[in-house]
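Notes follow once the structure below has been shown.
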Amino acid sequence: MRSTSRSGRAKPRVGPLTAHGDHSSSLDMDALIDDRSRRIIVCCGSGGVGKTTTSAAIALRAAERGRNAVVLTIDPARRLAQSMGIEALDNTPRPVPGVAGAGRLDGMMLDMKRTFDEVVESQASPEKARQILNNPFYIAVSSSFAGTQEYMAMEKLGQLDRDARRSGRWDLIVVDTPPSRSALDFLDAPERLSSFLDGRFMRLLTAPARGPARVMTAGFTMVTNTVTKIIGAQVLRDMQAFVSAFDTLFGGFRARAQRTFELLQARGTAFLVVAAPEQDALREAAYFVERLREEDMPLAGLVVNRASADPGGDLSANAAMAAAEKLLTDASDEARLAAGLLRLHGTRKLMVERELRLRRRFATSHPDVPTAVLPALSTDVHDLDGLRRVGELLAHQD
Amino acid sequence: MAESPGAPPGPQFPHVQLHVVTGKGGTGKSTVAASLALALASRGRTVLLCEVEGRQGIAQMFDVPPLPYEERLVAHGTEGSGDVYALAIDAESALLEYLAMYYRLGRAGKALDRFGVVEFATTIAPGVRDVLLTGKVYEAAKRNRRNKNARTYDALVLDAPPTGRIAQFLNVNSELAGLAKVGPIKSQADTVMTLLRSERTTVHLVTVLEEMPVQETADGVHELREAQLPVGGVIVNMVRPQDLDAEQRRQLLAGSVDRDTLAKQLTGVGIEADDTLVDTLLAEGRDHAERRQLEDEQRALVERIGRPTYELPLLPEGVDLGGLYELAEALCEQGLA
């Protein structure tokens, strides 16, 4: 056997030889949501794995078990949003009707542009805010910059948290994250945007506005000339106007990004990584788990959605498929039906085996990540009953 | 089976040079893009498969090392078929290449990088990133024999961003509008737009037969049309096995399948048919029949979109290189390539 004690670190290196897939513990969802010191749950993962539904289901279950919860969703399916009463894109948490039990659930859908505008308004004088909000460059950044949605989701989380602490309105915030190219984007977006706003290039742009004392280097002139040549003088002027108006806000933005980051590292926060039993989604989940470790962010576990349910029985995929072939030599209705059922069984078994292999592979390299597996549901979830069912499935892992 | 009525046999998009493939997350759009590239190559064409999301999905699917910003051969054509090259386009490299090509900016390009301009242009400046990515695809599409040492392609397949963002991504013009009204970036966007709106381009949408992805596909088609972008086919991916016909499914749902007959059939081929196994098979059959009903409802909605549709089977063991060829063959048979 290979030695794993090369370094003096407390955590032994975990390699392919040191763990068994079956031994990853199952995630105790109810313990997670019943723990009153848990104030924030962030659901992250790649697109199309059911993050929004998972977030809403967890928030609903928490509320029905007595928490005062609020769920921030990014882009819920229309019918789900309607049934939760959150289809209005107005950035205001509203009570979700029909929640049973002692707690409460509020829901909201993120309005990215409006959140950005509100931050500007809260940071600048009314006159200056107006100036910024009308700047073409600002309008473009706040409505279509690739990381703005991620940034604003985290900004909104910060706002909800402050509101919760001040008013006592909520004791649990559940956040869905945007379907980004990479699940990690929302961690990086605030840093990226604030470092851009405070970056060297922006300083360069504003340099002329900052007085004649500035020494113009040859490099600088070349850069501005090139930029003018490529994007045009008008864009450069808009940018300069934006930067000088935004100037006093820089510190504020950086500080906010920093605070949000600390909030994500706080003990009361838990991350749930959501995935599907597919290679891509699990690979993304693995990156994410590793990244959370690096950033000292508390990982509560992995949720694997859309798993194929094991039909049970001892009949293997190969045996079923082979028997089906034999039956098909007979053209009777009875034989065809039996063959069809055997083929279905075989296909299902193959899928179950493949998914199990993928999950084992994940568990082997991340043995200490508690996992919950949810069977694929036959219909999309679009009401509270559906969410409740997902919540139950999440909580009752055998 | 899946073609819209009256769809002509043989390749249905013969004049298209650029096939853009989009789809909701989780529907397998990258798999479909790769299969389409193989399908086009099997018709004897030299194909370039591009990805723009920095995922290295192509490398994983074709089982080759991560792709650099350079066209690499990923699949050799056999007799009578063409090669598939692949390219991972990233905005930073595309910008530096663009500067070098049009402005002969060797040193200045590096200075721009040092001053954070490259990062700015590619991550922050809205729209610029997309112009750079589509601009590179445009460059590859426009090459001809006059370009020295440049490889020319008969067809390009772009593994594009997801459906929710596709119209915005391709409509580079309006994304820049209100920002750059004049200047080289703007004229670059105009040129790219001309290709994207022409008959030589088409946008295919990948979906699965579930409510959300089908809804998003319908929305995506609508947005593409609004933006005057050409909509191609709808590719329905991961279709369940079609082992049971309508009558068999009806019997299963009605619970009218005779257990003893089923058990006898199983025993006849050497399977020990105890009650548990019969129950399991019947339950699986019922479950399958229910899901097929739901799929049929979604299929009707897909047909209402009014575009030619193509269906690809669910591969229970996942998609490996062999699986890609299998899907490519299905696309050829149905006339997408």
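Chain labels run A, B, ... following the order of the structure tokens; each chain numbers its residues from 1, and ligands are numbered from 1 in the order shown.
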message: Residues of chain A were defined as contacting chain B if any atom lay at most 7 Å from it, counting only C-alpha atoms; please report them as a ChimeraX atom specification.
response: /A:47-49,77,136-137,140-141,144-145,181,200-201,219,223,230-232,235,311,313,323,326-327,334-335,337-338,340-341,345,347,350-351,354,378,380
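Between atom CA of Phe62 of chain B and atom CA of Asp320 of chain B the interatomic distance comes to 7.9 Å.
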Q: Considering only C-alpha atoms, return as a PyMOL selection string whatever protein or nucleic-acid residues lie within 8 Å of segment 69-73 of chain B, sequence-local ones (same chain, fewer than 2 positions apart) excluded.
A: chain B and resi 48+67+75-76+83-90+93
- Task: as a ChimeraX atom specification, please: all residues of segment 256-385 of chain A that backbone DSSP puts in helix (DSSP H, G or I).
- Result: /A:256-265,279-294,317-327,333-365,384-385
Pairwise distance, atom CA of Ala102 of chain A with atom CA of Leu157 of chain A, equals 24.2 Å
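Here atom CA of Arg225 of chain B and atom CA of Ala167 of chain B stand 8.8 Å from one another.
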Item to complete: Going by DSSP on the backbone, which bits of segment 37-256 of chain B are strand (DSSP E)? Write them as a PyMOL selection string, please.
Response: chain B and resi 47-51+72-75+84-88+155-159+201-207+231-239
Output the selection as a CSV table (one decimal), in the first residue's frame - C-alpha atoms for each residue.
chain,number,residue,atom,x,y,z
B,47,VAL,CA,-15.7,20.2,-39.9
B,48,LEU,CA,-14.6,22.6,-37.2
B,49,LEU,CA,-16.3,22.1,-33.8
B,50,CYS,CA,-15.9,25.1,-31.5
B,51,GLU,CA,-16.6,25.6,-27.8
B,72,ARG,CA,-6.7,20.3,-33.4
B,73,LEU,CA,-7.7,17.2,-35.2
B,74,VAL,CA,-10.0,15.2,-32.9
B,75,ALA,CA,-11.6,12.7,-35.3
B,84,VAL,CA,-13.3,16.8,-37.4
B,85,TYR,CA,-11.1,19.6,-36.0
B,86,ALA,CA,-11.9,21.2,-32.7
B,87,LEU,CA,-11.1,24.6,-31.2
B,88,ALA,CA,-11.7,26.0,-27.7
B,155,ALA,CA,-18.9,23.3,-42.0
B,156,LEU,CA,-18.6,24.7,-38.5
B,157,VAL,CA,-20.5,23.5,-35.4
B,158,LEU,CA,-20.6,25.9,-32.5
B,159,ASP,CA,-21.4,24.5,-29.1
B,201,THR,CA,-26.2,30.0,-40.4
B,202,THR,CA,-28.8,28.2,-38.5
B,203,VAL,CA,-29.4,27.7,-34.8
B,204,HIS,CA,-30.5,24.3,-33.5
B,205,LEU,CA,-32.0,23.9,-30.1
B,206,VAL,CA,-31.6,20.8,-27.9
B,207,THR,CA,-34.2,19.7,-25.5
B,231,VAL,CA,-33.9,28.9,-36.3
B,232,GLY,CA,-32.9,25.4,-37.5
B,233,GLY,CA,-34.2,22.2,-36.0
B,234,VAL,CA,-35.2,21.0,-32.5
B,235,ILE,CA,-33.2,18.0,-31.4
B,236,VAL,CA,-35.0,16.0,-28.7
B,237,ASN,CA,-32.3,14.3,-26.7
B,238,MET,CA,-32.3,11.3,-24.3
B,239,VAL,CA,-35.6,9.9,-25.5
| task | Please identify all polymer residues within 10 Å of segment 281-288 of chain A, counting only C-alpha atoms, omitting same-chain residues fewer than 2 positions from it, and present them as a ChimeraX atom specification. | result | /A:44-49,182-184,272-279,290-294,299,302-304,358-359,361-363,365-366 /B:25-26,55
Grab the residues selected above and save them as a short mmCIF file (atom, residue, chain, number, x, y, z; two decimals), in the first residue's frame with N, CA and C atoms.
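Okay, this is what ended up in selection21.cif:
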data_model
loop_
_atom_site.label_atom_id
_atom_site.label_comp_id
_atom_site.auth_asym_id
_atom_site.auth_seq_id
_atom_site.Cartn_x
_atom_site.Cartn_y
_atom_site.Cartn_z
N CYS A 44 -25.68 25.46 -4.50
CA CYS A 44 -24.94 25.79 -5.71
C CYS A 44 -24.70 24.54 -6.55
N GLY A 45 -24.27 24.72 -7.78
CA GLY A 45 -24.09 23.60 -8.70
C GLY A 45 -24.28 24.08 -10.13
N SER A 46 -23.99 23.21 -11.10
CA SER A 46 -24.08 23.65 -12.49
C SER A 46 -25.54 23.74 -12.93
N GLY A 47 -25.77 24.28 -14.13
CA GLY A 47 -27.12 24.53 -14.61
C GLY A 47 -27.89 23.24 -14.90
N GLY A 48 -29.20 23.28 -14.69
CA GLY A 48 -30.05 22.16 -15.07
C GLY A 48 -30.04 20.98 -14.11
N VAL A 49 -29.59 21.19 -12.87
CA VAL A 49 -29.56 20.07 -11.93
C VAL A 49 -30.66 20.17 -10.88
N SER A 182 -19.76 28.34 -14.70
CA SER A 182 -19.12 27.52 -13.69
C SER A 182 -19.81 27.78 -12.37
N ALA A 183 -19.98 26.73 -11.60
CA ALA A 183 -20.65 26.87 -10.32
C ALA A 183 -19.87 27.81 -9.39
N LEU A 184 -18.64 28.05 -9.73
CA LEU A 184 -17.79 28.86 -8.84
C LEU A 184 -17.96 30.34 -9.10
N LEU A 272 -24.76 23.67 0.20
CA LEU A 272 -25.16 22.38 -0.34
C LEU A 272 -24.80 22.40 -1.81
N VAL A 273 -24.05 21.42 -2.25
CA VAL A 273 -23.72 21.33 -3.66
C VAL A 273 -24.75 20.42 -4.31
N VAL A 274 -25.41 20.93 -5.34
CA VAL A 274 -26.45 20.17 -6.02
C VAL A 274 -25.89 19.66 -7.35
N ALA A 275 -26.17 18.40 -7.66
CA ALA A 275 -25.66 17.82 -8.90
C ALA A 275 -26.67 16.82 -9.46
N ALA A 276 -26.44 16.39 -10.67
CA ALA A 276 -27.19 15.28 -11.24
C ALA A 276 -26.19 14.14 -11.39
N PRO A 277 -26.66 12.88 -11.46
CA PRO A 277 -25.70 11.77 -11.56
C PRO A 277 -25.11 11.68 -12.96
N GLU A 278 -24.55 12.78 -13.43
CA GLU A 278 -23.90 12.83 -14.73
C GLU A 278 -22.46 13.23 -14.53
N GLN A 279 -21.63 12.81 -15.47
CA GLN A 279 -20.21 13.06 -15.33
C GLN A 279 -19.88 14.55 -15.17
N GLU A 290 -13.90 21.23 -3.59
CA GLU A 290 -12.50 21.56 -3.33
C GLU A 290 -12.30 23.05 -3.11
N ARG A 291 -13.01 23.83 -3.91
CA ARG A 291 -12.89 25.27 -3.78
C ARG A 291 -13.41 25.76 -2.42
N LEU A 292 -14.52 25.20 -1.97
CA LEU A 292 -15.08 25.60 -0.69
C LEU A 292 -14.07 25.32 0.43
N ARG A 293 -13.40 24.19 0.34
CA ARG A 293 -12.37 23.85 1.31
C ARG A 293 -11.30 24.92 1.35
N GLU A 294 -10.81 25.26 0.13
CA GLU A 294 -9.74 26.27 0.04
C GLU A 294 -10.15 27.58 0.68
N LEU A 299 -19.11 23.36 4.10
CA LEU A 299 -19.87 22.50 3.21
C LEU A 299 -20.74 21.55 4.02
N LEU A 302 -23.71 17.04 -0.30
CA LEU A 302 -24.01 16.95 -1.73
C LEU A 302 -25.43 16.42 -1.91
N VAL A 303 -26.19 17.05 -2.80
CA VAL A 303 -27.50 16.54 -3.14
C VAL A 303 -27.45 16.08 -4.59
N VAL A 304 -27.69 14.80 -4.82
CA VAL A 304 -27.71 14.27 -6.18
C VAL A 304 -29.16 14.11 -6.61
N LEU A 358 -20.51 6.51 -11.00
CA LEU A 358 -20.14 7.92 -10.97
C LEU A 358 -20.16 8.47 -9.55
N ARG A 359 -21.19 8.08 -8.79
CA ARG A 359 -21.28 8.57 -7.41
C ARG A 359 -20.17 7.99 -6.55
N ARG A 361 -17.27 7.15 -7.60
CA ARG A 361 -16.03 7.83 -7.96
C ARG A 361 -15.92 9.16 -7.19
N PHE A 362 -17.04 9.88 -7.11
CA PHE A 362 -17.06 11.13 -6.36
C PHE A 362 -16.76 10.87 -4.89
N ALA A 363 -17.45 9.85 -4.34
CA ALA A 363 -17.30 9.56 -2.91
C ALA A 363 -15.89 9.08 -2.59
N SER A 365 -13.12 10.10 -3.96
CA SER A 365 -12.19 11.24 -3.82
C SER A 365 -12.68 12.25 -2.80
N HIS A 366 -13.93 12.18 -2.39
CA HIS A 366 -14.46 13.10 -1.37
C HIS A 366 -15.24 12.32 -0.34
N GLY B 25 -29.30 23.83 -19.84
CA GLY B 25 -28.34 23.04 -19.06
C GLY B 25 -28.91 21.66 -18.77
N GLY B 26 -28.09 20.61 -18.91
CA GLY B 26 -28.55 19.28 -18.58
C GLY B 26 -29.25 18.54 -19.72
N ARG B 55 -15.06 25.07 -20.91
CA ARG B 55 -15.29 23.86 -20.13
C ARG B 55 -14.43 22.69 -20.52
#
